[in-house]
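Have a look at protein-v7.cif; it's mmCIF, C-alpha atoms:
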data_work
loop_
_atom_site.group_PDB
_atom_site.id
_atom_site.type_symbol
_atom_site.label_atom_id
_atom_site.label_comp_id
_atom_site.auth_asym_id
_atom_site.auth_seq_id
_atom_site.Cartn_x
_atom_site.Cartn_y
_atom_site.Cartn_z
ATOM 1 C CA MET A 1387 -38.280 -20.355 22.888
ATOM 2 C CA SER A 1388 -39.516 -17.385 20.844
ATOM 3 C CA PHE A 1389 -43.121 -16.353 20.444
ATOM 4 C CA ALA A 1390 -45.474 -14.892 17.876
ATOM 5 C CA LEU A 1391 -48.417 -12.803 19.056
ATOM 6 C CA ARG A 1392 -51.557 -12.644 16.924
ATOM 7 C CA ILE A 1393 -53.802 -9.679 17.691
ATOM 8 C CA GLY A 1394 -57.516 -8.959 17.303
ATOM 9 C CA GLN A 1395 -59.227 -5.678 18.185
ATOM 10 C CA LYS A 1396 -62.689 -4.140 18.092
ATOM 11 C CA SER A 1397 -64.452 -1.058 19.470
ATOM 12 C CA ASP A 1398 -68.150 -0.284 19.056
ATOM 13 C CA ILE A 1399 -70.267 2.686 20.090
ATOM 14 C CA GLY A 1400 -73.107 0.353 21.109
ATOM 15 C CA TYR A 1401 -76.827 1.022 20.979
ATOM 16 C CA TYR A 1402 -77.296 3.599 23.741
ATOM 17 C CA ARG A 1403 -74.475 6.177 23.527
ATOM 18 C CA GLU A 1404 -74.195 9.165 21.217
ATOM 19 C CA ASN A 1405 -70.420 8.879 20.882
ATOM 20 C CA ASN A 1406 -67.679 6.346 21.527
ATOM 21 C CA GLU A 1407 -65.537 7.365 24.505
ATOM 22 C CA ASP A 1408 -63.507 4.137 24.288
ATOM 23 C CA ARG A 1409 -60.183 4.000 22.499
ATOM 24 C CA VAL A 1410 -58.250 0.960 21.316
ATOM 25 C CA ARG A 1411 -54.692 1.259 20.065
ATOM 26 C CA VAL A 1412 -52.374 -1.546 18.941
ATOM 27 C CA ASP A 1413 -48.955 -0.543 17.617
ATOM 28 C CA GLN A 1414 -45.559 -2.123 17.116
ATOM 29 C CA LEU A 1415 -42.057 -1.188 16.060
ATOM 30 C CA GLN A 1416 -40.284 -3.636 13.758
ATOM 31 C CA GLN A 1417 -36.737 -4.166 12.557
ATOM 32 C CA ASP A 1418 -35.877 -6.652 9.807
ATOM 33 C CA GLY A 1419 -39.345 -8.128 10.125
ATOM 34 C CA HIS A 1420 -38.975 -8.795 13.862
ATOM 35 C CA CYS A 1421 -41.004 -7.042 16.531
ATOM 36 C CA GLN A 1422 -39.003 -4.752 18.812
ATOM 37 C CA LEU A 1423 -41.871 -3.240 20.801
ATOM 38 C CA LEU A 1424 -45.597 -3.984 20.932
ATOM 39 C CA ALA A 1425 -48.198 -2.091 22.941
ATOM 40 C CA CYS A 1426 -51.903 -2.927 23.166
ATOM 41 C CA LEU A 1427 -53.946 -0.228 24.915
ATOM 42 C CA VAL A 1428 -57.629 -0.009 25.811
ATOM 43 C CA ALA A 1429 -59.112 3.121 27.409
ATOM 44 C CA ASP A 1430 -62.615 4.116 28.545
ATOM 45 C CA GLY A 1431 -63.071 7.877 28.790
ATOM 46 C CA MET A 1432 -65.244 9.811 31.228
ATOM 47 C CA GLY A 1433 -66.491 13.381 31.198
ATOM 48 C CA GLY A 1434 -69.110 15.702 29.763
ATOM 49 C CA GLN A 1435 -69.756 16.026 26.039
ATOM 50 C CA LEU A 1436 -66.528 15.129 24.190
ATOM 51 C CA ALA A 1437 -64.227 15.233 27.229
ATOM 52 C CA GLY A 1438 -64.222 11.450 27.697
ATOM 53 C CA GLU A 1439 -63.236 10.938 24.090
ATOM 54 C CA LYS A 1440 -60.417 13.437 24.469
ATOM 55 C CA ALA A 1441 -59.073 11.808 27.642
ATOM 56 C CA SER A 1442 -59.015 8.276 26.213
ATOM 57 C CA GLU A 1443 -57.445 9.524 22.973
ATOM 58 C CA MET A 1444 -54.739 11.404 24.872
ATOM 59 C CA ALA A 1445 -54.009 8.410 27.107
ATOM 60 C CA THR A 1446 -53.419 5.972 24.264
ATOM 61 C CA GLU A 1447 -51.407 8.426 22.180
ATOM 62 C CA ILE A 1448 -49.162 9.713 24.963
ATOM 63 C CA ILE A 1449 -48.417 6.316 26.481
ATOM 64 C CA TRP A 1450 -47.482 4.883 23.082
ATOM 65 C CA GLN A 1451 -45.261 7.871 22.328
ATOM 66 C CA GLU A 1452 -43.474 7.610 25.665
ATOM 67 C CA LEU A 1453 -42.902 3.873 25.202
ATOM 68 C CA GLN A 1454 -41.406 4.470 21.754
ATOM 69 C CA GLU A 1455 -39.030 7.090 23.096
ATOM 70 C CA GLY A 1456 -37.813 5.030 26.057
ATOM 71 C CA TYR A 1457 -37.854 1.345 25.206
ATOM 72 C CA ARG A 1458 -34.286 1.205 23.813
ATOM 73 C CA ASP A 1459 -32.911 2.106 27.241
ATOM 74 C CA VAL A 1460 -34.652 -0.804 28.966
ATOM 75 C CA GLN A 1461 -32.070 -3.270 30.264
ATOM 76 C CA ASN A 1462 -34.061 -5.344 32.754
ATOM 77 C CA VAL A 1463 -37.559 -6.120 34.005
ATOM 78 C CA GLU A 1464 -37.546 -3.428 36.692
ATOM 79 C CA ARG A 1465 -36.562 -0.775 34.171
ATOM 80 C CA ALA A 1466 -39.398 -1.941 31.910
ATOM 81 C CA LYS A 1467 -41.866 -1.503 34.757
ATOM 82 C CA GLN A 1468 -40.466 1.951 35.435
ATOM 83 C CA LEU A 1469 -40.871 2.962 31.785
ATOM 84 C CA ILE A 1470 -44.527 1.887 31.778
ATOM 85 C CA ARG A 1471 -45.196 3.817 34.993
ATOM 86 C CA GLN A 1472 -43.443 6.898 33.619
ATOM 87 C CA ALA A 1473 -45.447 6.731 30.389
ATOM 88 C CA THR A 1474 -48.688 6.472 32.328
ATOM 89 C CA LEU A 1475 -47.742 9.318 34.661
ATOM 90 C CA ARG A 1476 -46.948 11.513 31.678
ATOM 91 C CA ALA A 1477 -50.403 10.845 30.259
ATOM 92 C CA ASN A 1478 -51.969 11.617 33.627
ATOM 93 C CA GLU A 1479 -50.133 14.928 33.886
ATOM 94 C CA GLU A 1480 -51.212 16.077 30.431
ATOM 95 C CA ILE A 1481 -54.838 15.038 30.931
ATOM 96 C CA MET A 1482 -55.016 16.891 34.254
ATOM 97 C CA GLU A 1483 -53.299 19.971 32.808
ATOM 98 C CA LEU A 1484 -55.681 20.216 29.859
ATOM 99 C CA GLY A 1485 -58.647 19.796 32.199
ATOM 100 C CA GLN A 1486 -57.420 22.634 34.389
ATOM 101 C CA PHE A 1487 -56.970 25.137 31.583
ATOM 102 C CA GLN A 1488 -59.827 24.355 29.191
ATOM 103 C CA ARG A 1489 -63.338 24.432 30.616
ATOM 104 C CA GLU A 1490 -64.796 21.949 28.140
ATOM 105 C CA TYR A 1491 -62.326 19.329 29.389
ATOM 106 C CA SER A 1492 -62.642 19.976 33.117
ATOM 107 C CA ASN A 1493 -62.974 16.837 35.256
ATOM 108 C CA MET A 1494 -62.298 14.537 32.324
ATOM 109 C CA GLY A 1495 -60.629 11.208 32.921
ATOM 110 C CA THR A 1496 -60.135 7.750 31.518
ATOM 111 C CA THR A 1497 -59.396 4.209 32.533
ATOM 112 C CA ILE A 1498 -56.451 2.456 30.907
ATOM 113 C CA VAL A 1499 -55.330 -1.143 30.577
ATOM 114 C CA LEU A 1500 -52.274 -2.066 28.564
ATOM 115 C CA ALA A 1501 -50.085 -4.986 27.582
ATOM 116 C CA VAL A 1502 -46.488 -4.298 26.540
ATOM 117 C CA TRP A 1503 -44.161 -6.767 24.824
ATOM 118 C CA LEU A 1504 -40.413 -6.069 24.700
ATOM 119 C CA PRO A 1505 -38.732 -8.879 22.739
ATOM 120 C CA LEU A 1506 -35.356 -7.101 22.894
ATOM 121 C CA LEU A 1507 -35.419 -7.499 26.678
ATOM 122 C CA ARG A 1508 -37.057 -10.937 26.754
ATOM 123 C CA ASP A 1509 -39.832 -12.127 24.522
ATOM 124 C CA ASP A 1510 -41.292 -14.647 26.971
ATOM 125 C CA CYS A 1511 -43.337 -12.184 29.028
ATOM 126 C CA LEU A 1512 -46.009 -9.511 28.798
ATOM 127 C CA PHE A 1513 -46.134 -6.482 31.066
ATOM 128 C CA ILE A 1514 -49.708 -5.726 32.192
ATOM 129 C CA SER A 1515 -50.724 -2.420 33.770
ATOM 130 C CA TRP A 1516 -54.009 -0.650 34.478
ATOM 131 C CA LEU A 1517 -55.929 2.140 36.197
ATOM 132 C CA GLY A 1518 -59.693 2.094 36.702
ATOM 133 C CA ASP A 1519 -62.033 -0.755 35.814
ATOM 134 C CA SER A 1520 -60.923 -1.722 32.339
ATOM 135 C CA ARG A 1521 -59.567 -5.245 32.741
ATOM 136 C CA ALA A 1522 -56.989 -7.771 31.576
ATOM 137 C CA TYR A 1523 -57.566 -11.528 31.656
ATOM 138 C CA LEU A 1524 -55.424 -14.559 30.900
ATOM 139 C CA VAL A 1525 -57.208 -17.534 29.341
ATOM 140 C CA ARG A 1526 -54.992 -20.599 29.773
ATOM 141 C CA ASP A 1527 -56.017 -24.260 29.435
ATOM 142 C CA ARG A 1528 -59.637 -23.079 29.012
ATOM 143 C CA GLY A 1529 -59.602 -21.452 32.474
ATOM 144 C CA ILE A 1530 -59.589 -17.701 33.094
ATOM 145 C CA GLU A 1531 -57.572 -15.554 35.504
ATOM 146 C CA ALA A 1532 -58.211 -11.867 36.155
ATOM 147 C CA LEU A 1533 -54.872 -10.042 35.963
ATOM 148 C CA THR A 1534 -56.295 -6.713 37.154
ATOM 149 C CA VAL A 1535 -58.326 -5.525 40.127
ATOM 150 C CA ASP A 1536 -60.886 -2.761 39.578
ATOM 151 C CA HIS A 1537 -60.118 0.589 41.168
ATOM 152 C CA SER A 1538 -63.802 1.021 42.041
ATOM 153 C CA ILE A 1539 -65.493 1.813 45.328
ATOM 154 C CA ALA A 1540 -67.403 -1.465 45.130
ATOM 155 C CA GLN A 1541 -64.145 -3.428 44.820
ATOM 156 C CA ALA A 1542 -62.698 -1.491 47.753
ATOM 157 C CA LEU A 1543 -65.703 -2.613 49.797
ATOM 158 C CA VAL A 1544 -65.011 -6.210 48.760
ATOM 159 C CA GLU A 1545 -61.385 -5.923 49.869
ATOM 160 C CA ALA A 1546 -62.534 -4.442 53.179
ATOM 161 C CA GLY A 1547 -64.862 -7.415 53.713
ATOM 162 C CA VAL A 1548 -68.000 -5.255 53.661
ATOM 163 C CA ILE A 1549 -69.616 -6.910 50.631
ATOM 164 C CA SER A 1550 -69.006 -10.057 48.592
ATOM 165 C CA ALA A 1551 -67.653 -10.231 45.039
ATOM 166 C CA GLU A 1552 -71.119 -11.307 43.880
ATOM 167 C CA GLU A 1553 -72.689 -8.271 45.551
ATOM 168 C CA ALA A 1554 -70.086 -6.015 43.943
ATOM 169 C CA ARG A 1555 -71.288 -6.986 40.448
ATOM 170 C CA VAL A 1556 -74.614 -5.235 41.050
ATOM 171 C CA HIS A 1557 -73.576 -2.688 43.680
ATOM 172 C CA ARG A 1558 -74.554 0.929 43.029
ATOM 173 C CA PHE A 1559 -70.881 1.924 43.332
ATOM 174 C CA ARG A 1560 -69.580 -0.726 40.925
ATOM 175 C CA ASN A 1561 -68.880 1.938 38.289
ATOM 176 C CA ARG A 1562 -67.733 4.634 40.724
ATOM 177 C CA LEU A 1563 -63.959 4.838 40.365
ATOM 178 C CA TRP A 1564 -61.507 6.259 42.875
ATOM 179 C CA LYS A 1565 -58.395 5.853 40.727
ATOM 180 C CA TYR A 1566 -58.022 6.561 37.004
ATOM 181 C CA LEU A 1567 -56.090 8.778 34.621
ATOM 182 C CA GLY A 1568 -56.968 12.383 35.322
ATOM 183 C CA THR A 1569 -56.681 12.286 39.135
ATOM 184 C CA LYS A 1570 -54.014 12.854 41.763
ATOM 185 C CA GLU A 1571 -54.771 9.380 43.144
ATOM 186 C CA VAL A 1572 -52.523 7.966 40.409
ATOM 187 C CA ALA A 1573 -49.690 9.021 42.760
ATOM 188 C CA ASP A 1574 -46.421 7.263 41.784
ATOM 189 C CA GLY A 1575 -48.016 5.361 38.945
ATOM 190 C CA PRO A 1576 -49.829 2.075 38.388
ATOM 191 C CA ASP A 1577 -48.827 -1.429 39.344
ATOM 192 C CA VAL A 1578 -47.164 -3.416 36.563
ATOM 193 C CA LYS A 1579 -47.492 -7.201 36.442
ATOM 194 C CA VAL A 1580 -45.149 -9.551 34.617
ATOM 195 C CA VAL A 1581 -46.834 -12.581 33.045
ATOM 196 C CA TYR A 1582 -44.602 -15.277 31.548
ATOM 197 C CA LEU A 1583 -45.938 -16.700 28.318
ATOM 198 C CA ARG A 1584 -46.858 -20.205 27.259
ATOM 199 C CA PRO A 1585 -47.882 -21.323 23.773
ATOM 200 C CA GLY A 1586 -51.675 -21.280 23.639
ATOM 201 C CA ASP A 1587 -52.105 -18.392 26.080
ATOM 202 C CA ARG A 1588 -54.827 -15.900 25.185
ATOM 203 C CA PHE A 1589 -54.979 -12.447 26.755
ATOM 204 C CA LEU A 1590 -58.084 -10.259 26.786
ATOM 205 C CA LEU A 1591 -58.010 -6.499 27.431
ATOM 206 C CA CYS A 1592 -61.426 -4.869 27.591
ATOM 207 C CA THR A 1593 -63.678 -2.112 28.897
ATOM 208 C CA ASP A 1594 -66.565 -2.603 31.310
ATOM 209 C CA GLY A 1595 -69.008 -2.447 28.428
ATOM 210 C CA LEU A 1596 -68.053 -6.100 27.965
ATOM 211 C CA THR A 1597 -67.381 -7.306 31.511
ATOM 212 C CA GLY A 1598 -70.476 -5.572 32.887
ATOM 213 C CA VAL A 1599 -72.758 -7.953 31.004
ATOM 214 C CA VAL A 1600 -70.673 -11.078 30.249
ATOM 215 C CA GLU A 1601 -69.415 -13.213 33.119
ATOM 216 C CA ASP A 1602 -65.808 -14.377 33.293
ATOM 217 C CA GLU A 1603 -66.624 -18.030 32.617
ATOM 218 C CA LYS A 1604 -68.468 -17.092 29.436
ATOM 219 C CA LEU A 1605 -65.498 -14.987 28.338
ATOM 220 C CA ALA A 1606 -63.176 -17.973 28.810
ATOM 221 C CA GLU A 1607 -65.510 -20.282 26.918
ATOM 222 C CA PHE A 1608 -65.876 -17.855 24.029
ATOM 223 C CA VAL A 1609 -62.161 -17.044 23.694
ATOM 224 C CA SER A 1610 -61.148 -20.706 23.988
ATOM 225 C CA GLY A 1611 -63.599 -21.650 21.264
ATOM 226 C CA HIS A 1612 -62.429 -19.128 18.653
ATOM 227 C CA PRO A 1613 -59.017 -19.755 17.027
ATOM 228 C CA ASP A 1614 -58.871 -16.442 15.150
ATOM 229 C CA PRO A 1615 -58.279 -13.421 17.440
ATOM 230 C CA GLN A 1616 -59.912 -10.858 15.141
ATOM 231 C CA GLN A 1617 -63.069 -12.938 14.755
ATOM 232 C CA ALA A 1618 -63.056 -13.511 18.517
ATOM 233 C CA ALA A 1619 -62.763 -9.771 19.249
ATOM 234 C CA GLU A 1620 -65.633 -8.975 16.906
ATOM 235 C CA GLY A 1621 -67.671 -11.829 18.371
ATOM 236 C CA LEU A 1622 -67.143 -10.693 21.961
ATOM 237 C CA VAL A 1623 -68.354 -7.196 21.143
ATOM 238 C CA LYS A 1624 -71.419 -8.618 19.431
ATOM 239 C CA LEU A 1625 -72.032 -10.875 22.438
ATOM 240 C CA ALA A 1626 -71.959 -7.872 24.790
ATOM 241 C CA LEU A 1627 -74.385 -5.937 22.592
ATOM 242 C CA ASP A 1628 -76.676 -8.967 22.362
ATOM 243 C CA CYS A 1629 -76.612 -9.036 26.183
ATOM 244 C CA ASP A 1630 -77.922 -5.440 26.110
ATOM 245 C CA SER A 1631 -74.741 -3.647 27.154
ATOM 246 C CA LYS A 1632 -75.634 0.002 27.568
ATOM 247 C CA ASP A 1633 -72.061 1.240 27.153
ATOM 248 C CA ASN A 1634 -69.423 1.440 24.453
ATOM 249 C CA VAL A 1635 -67.755 -1.970 24.079
ATOM 250 C CA SER A 1636 -64.071 -2.454 23.269
ATOM 251 C CA CYS A 1637 -61.510 -5.248 23.474
ATOM 252 C CA VAL A 1638 -58.122 -6.482 22.317
ATOM 253 C CA LEU A 1639 -57.212 -10.167 22.123
ATOM 254 C CA ILE A 1640 -53.618 -11.423 22.122
ATOM 255 C CA TYR A 1641 -53.005 -15.044 21.082
ATOM 256 C CA VAL A 1642 -49.585 -16.541 21.885
ATOM 257 C CA GLU A 1643 -47.853 -19.083 19.652
ATOM 258 C CA GLU A 1644 -44.360 -20.575 19.444
ATOM 259 C CA ALA A 1645 -42.306 -19.105 16.602
ATOM 260 C CA PRO A 1646 -38.746 -19.010 15.214
ATOM 261 C CA ALA A 1647 -38.466 -15.259 15.961
ATOM 262 C CA PRO A 1648 -40.541 -12.627 17.791
ATOM 263 C CA VAL A 1649 -43.414 -11.506 15.555
ATOM 264 C CA ALA A 1650 -46.606 -9.523 16.187
ATOM 265 C CA ASP A 1651 -49.392 -10.054 13.680
ATOM 266 C CA ILE A 1652 -51.803 -7.101 13.760
ATOM 267 C CA PRO A 1653 -54.783 -7.043 11.369
ATOM 268 C CA GLY A 1654 -54.514 -4.280 8.798
ATOM 269 C CA LYS A 1655 -50.890 -3.449 9.657
#
Could you spell out this file's structure in structure tokens?
Amino acid sequence: MSFALRIGQKSDIGYYRENNEDRVRVDQLQQDGHCQLLACLVADGMGGQLAGEKASEMATEIIWQELQEGYRDVQNVERAKQLIRQATLRANEEIMELGQFQREYSNMGTTIVLAVWLPLLRDDCLFISWLGDSRAYLVRDRGIEALTVDHSIAQALVEAGVISAEEARVHRFRNRLWKYLGTKEVADGPDVKVVYLRPGDRFLLCTDGLTGVVEDEKLAEFVSGHPDPQQAAEGLVKLALDCDSKDNVSCVLIYVEEAPAPVADIPGK
């Protein structure tokens, strides 16, 4: 079985911030009308003045460039995971280096969550990777599954049994990250999950400007009820702003359908 992926994307500065430190990037490489590589990336930058914007921009650009340069050499699932880790590590190195040598970018960083599709290897799976608290979800049969685990201090307290998941949602350290692009804690690179596709699957990648104000069950209900991914992406951002999100809000939606050949449908491309 081959699949077609329909994509929706939206990023908004919101009502409270002076600039948008989020970045959304969706790109593909095609040959004879068939998708060879697709990457959907969502980043949420951190740092003074324009440093957060710079970090998130660098992350999305560098990771996409590294994926383009290396995807043809991918022969199996493990090599695909390695390529994604290498691309992320390269972005981390460049972000840290710029921060060390230019004062205006010191201590900058960014979260990252990405979905990579490699139809040449096998078109029946997505590779999901992340650092920080930007998230990926799978909406399947109207239920929702979190594919990522926040790299926040509050989540670490949950895993240690100190607080509950409900307490973590309002904990004062819920937005305090210990692992993200721009730190040595990235170590050997991020985890990479393999998710095998089914027709009807819907994937959501998003920043905490959305998840901080909209609960998972509401996300599942909204995504399940909107058949067009671009309208759904725009609607989710509006929903977050209507819920008084005080952050930038960004998301990418990936809708999976059965198709005669691998295709990625990206609005405006």
Within 6 Å of segment 1638-1652 of chain A, which residues of segment 1543-1627 of chain A show up? Give each one with its shortest atom-to-atom distance in Å (one decimal) and the two atoms involved, counting all atoms listed in the file, rows by chain then rising residue number, as a Markdown table.
| residue | atom | partner | partner_atom | distance |
| --- | --- | --- | --- | --- |
| A:Pro1585 | CA | A:Glu1643 | CA | 4.7 |
| A:Gly1586 | CA | A:Val1642 | CA | 5.5 |
| A:Asp1587 | CA | A:Val1642 | CA | 5.2 |
| A:Arg1588 | CA | A:Tyr1641 | CA | 4.6 |
| A:Phe1589 | CA | A:Ile1640 | CA | 4.9 |
| A:Leu1590 | CA | A:Leu1639 | CA | 4.7 |
| A:Leu1591 | CA | A:Val1638 | CA | 5.1 |
| A:Pro1615 | CA | A:Leu1639 | CA | 5.8 |
request  = Do a neighbour search on segment 1570-1577 of chain A at 7 Å with all atoms listed in the file, toss out local chain neighbours closer than 3 positions, and write the hits as a PyMOL selection string.
outcome  = chain A and resi 1471+1474-1475+1515-1517+1565-1567
request  = Choose the residue, out of A:Lys1624, A:Arg1562, A:His1537, A:Lys1467, that has the smallest atom-to-atom separation from Val1502 of chain A; count only C-alpha atoms.
outcome  = A:Lys1467
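Residues lying within 10 Å of Met1432 of chain A, counting all atoms listed in the file and ignoring same-chain neighbours fewer than 6 positions away, are Glu1407, Asp1408, Gly1438, Glu1439, Lys1440, Ala1441, Ser1442, Asn1493, Met1494, Gly1495, Thr1496, Thr1497, Tyr1566, Leu1567 and Gly1568 of chain A.
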ask   = Given the choices A:Leu1453, A:Val1556, A:Ala1619, A:Met1387, which gets closest to Arg1584 of chain A if the distance is worked out from all atoms listed in the file?
value = A:Met1387
Could you tell me which residues the PyMOL selection byres ((chain A and resi 1410) around 12) returns for this structure, as a PDB file with C-alpha atoms, in the coordinates of the input?
ATOM      1  CA  GLY A1394     -57.516  -8.959  17.303  1.00  0.00           C
ATOM      2  CA  GLN A1395     -59.227  -5.678  18.185  1.00  0.00           C
ATOM      3  CA  LYS A1396     -62.689  -4.140  18.092  1.00  0.00           C
ATOM      4  CA  SER A1397     -64.452  -1.058  19.470  1.00  0.00           C
ATOM      5  CA  ASP A1398     -68.150  -0.284  19.056  1.00  0.00           C
ATOM      6  CA  ASN A1406     -67.679   6.346  21.527  1.00  0.00           C
ATOM      7  CA  GLU A1407     -65.537   7.365  24.505  1.00  0.00           C
ATOM      8  CA  ASP A1408     -63.507   4.137  24.288  1.00  0.00           C
ATOM      9  CA  ARG A1409     -60.183   4.000  22.499  1.00  0.00           C
ATOM     10  CA  ARG A1411     -54.692   1.259  20.065  1.00  0.00           C
ATOM     11  CA  VAL A1412     -52.374  -1.546  18.941  1.00  0.00           C
ATOM     12  CA  ASP A1413     -48.955  -0.543  17.617  1.00  0.00           C
ATOM     13  CA  ALA A1425     -48.198  -2.091  22.941  1.00  0.00           C
ATOM     14  CA  CYS A1426     -51.903  -2.927  23.166  1.00  0.00           C
ATOM     15  CA  LEU A1427     -53.946  -0.228  24.915  1.00  0.00           C
ATOM     16  CA  VAL A1428     -57.629  -0.009  25.811  1.00  0.00           C
ATOM     17  CA  ALA A1429     -59.112   3.121  27.409  1.00  0.00           C
ATOM     18  CA  ASP A1430     -62.615   4.116  28.545  1.00  0.00           C
ATOM     19  CA  GLY A1431     -63.071   7.877  28.790  1.00  0.00           C
ATOM     20  CA  GLU A1439     -63.236  10.938  24.090  1.00  0.00           C
ATOM     21  CA  SER A1442     -59.015   8.276  26.213  1.00  0.00           C
ATOM     22  CA  GLU A1443     -57.445   9.524  22.973  1.00  0.00           C
ATOM     23  CA  MET A1444     -54.739  11.404  24.872  1.00  0.00           C
ATOM     24  CA  ALA A1445     -54.009   8.410  27.107  1.00  0.00           C
ATOM     25  CA  THR A1446     -53.419   5.972  24.264  1.00  0.00           C
ATOM     26  CA  GLU A1447     -51.407   8.426  22.180  1.00  0.00           C
ATOM     27  CA  TRP A1450     -47.482   4.883  23.082  1.00  0.00           C
ATOM     28  CA  THR A1497     -59.396   4.209  32.533  1.00  0.00           C
ATOM     29  CA  ILE A1498     -56.451   2.456  30.907  1.00  0.00           C
ATOM     30  CA  VAL A1499     -55.330  -1.143  30.577  1.00  0.00           C
ATOM     31  CA  LEU A1500     -52.274  -2.066  28.564  1.00  0.00           C
ATOM     32  CA  ALA A1501     -50.085  -4.986  27.582  1.00  0.00           C
ATOM     33  CA  SER A1520     -60.923  -1.722  32.339  1.00  0.00           C
ATOM     34  CA  LEU A1591     -58.010  -6.499  27.431  1.00  0.00           C
ATOM     35  CA  CYS A1592     -61.426  -4.869  27.591  1.00  0.00           C
ATOM     36  CA  THR A1593     -63.678  -2.112  28.897  1.00  0.00           C
ATOM     37  CA  ALA A1619     -62.763  -9.771  19.249  1.00  0.00           C
ATOM     38  CA  ASN A1634     -69.423   1.440  24.453  1.00  0.00           C
ATOM     39  CA  VAL A1635     -67.755  -1.970  24.079  1.00  0.00           C
ATOM     40  CA  SER A1636     -64.071  -2.454  23.269  1.00  0.00           C
ATOM     41  CA  CYS A1637     -61.510  -5.248  23.474  1.00  0.00           C
ATOM     42  CA  VAL A1638     -58.122  -6.482  22.317  1.00  0.00           C
ATOM     43  CA  LEU A1639     -57.212 -10.167  22.123  1.00  0.00           C
TER      44      LEU A1639
END
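When all atoms listed in the file are used to measure the gap to Gly1400 of chain A, the shortest distance among A:Val1525, A:Ala1618, A:Leu1596, A:Ala1532 belongs to A:Leu1596.
The nearest approach to Arg1403 of chain A among the residues A:Ala1477, A:Gly1518, A:Ile1449, A:Leu1436, with all atoms listed in the file taken into account, belongs to A:Leu1436.
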request  = Give as a ChimeraX atom specification the residues that the PyMOL selection byres ((chain A and resi 1582) around 6) matches when applied to the coordinates above.
outcome  = /A:1510-1511,1581,1583
Could you spell out the hits of the PyMOL selection byres ((chain A and resi 1604) around 12) on the shown file, as a CSV table (one decimal) with C-alpha atoms, in the coordinates of the input?
chain,number,residue,atom,x,y,z
A,1525,VAL,CA,-57.2,-17.5,29.3
A,1528,ARG,CA,-59.6,-23.1,29.0
A,1529,GLY,CA,-59.6,-21.5,32.5
A,1530,ILE,CA,-59.6,-17.7,33.1
A,1596,LEU,CA,-68.1,-6.1,28.0
A,1597,THR,CA,-67.4,-7.3,31.5
A,1599,VAL,CA,-72.8,-8.0,31.0
A,1600,VAL,CA,-70.7,-11.1,30.2
A,1601,GLU,CA,-69.4,-13.2,33.1
A,1602,ASP,CA,-65.8,-14.4,33.3
A,1603,GLU,CA,-66.6,-18.0,32.6
A,1605,LEU,CA,-65.5,-15.0,28.3
A,1606,ALA,CA,-63.2,-18.0,28.8
A,1607,GLU,CA,-65.5,-20.3,26.9
A,1608,PHE,CA,-65.9,-17.9,24.0
A,1609,VAL,CA,-62.2,-17.0,23.7
A,1610,SER,CA,-61.1,-20.7,24.0
A,1611,GLY,CA,-63.6,-21.6,21.3
A,1622,LEU,CA,-67.1,-10.7,22.0
A,1625,LEU,CA,-72.0,-10.9,22.4
A,1626,ALA,CA,-72.0,-7.9,24.8
A,1629,CYS,CA,-76.6,-9.0,26.2
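Nearest residue to Leu1627 of chain A, choosing from A:Gln1468, A:Gly1595, A:Leu1506, A:Gly1485 and counting only C-alpha atoms: A:Gly1595.
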Starting from 3 Å padding per side, set up an axis-aligned box that covers all listed atoms of segment 1633-1642 of chain A and hand over centre and edge lengths in Å, one decimal, as JSON.
{"center_x": -60.8, "center_y": -7.6, "center_z": 24.1, "size_x": 28.5, "size_y": 24.0, "size_z": 12.1}
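Relative to atom CA of Gln1422 of chain A, atom CA of Pro1505 of chain A is found at 5.7 Å.
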inquiry  = Between atom CA of Leu1507 of chain A and atom CA of Gln1461 of chain A, what is the distance in Å, rounded to a tenth?
reply    = 6.5 Å
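Of note, atom CA of Gln1488 of chain A and atom CA of Gly1433 of chain A are spaced 13.0 Å apart.
Nearest residue to Ser1631 of chain A among A:Ile1399, A:Cys1421, A:Ala1437, A:Val1535 is A:Ile1399, counting all atoms listed in the file.
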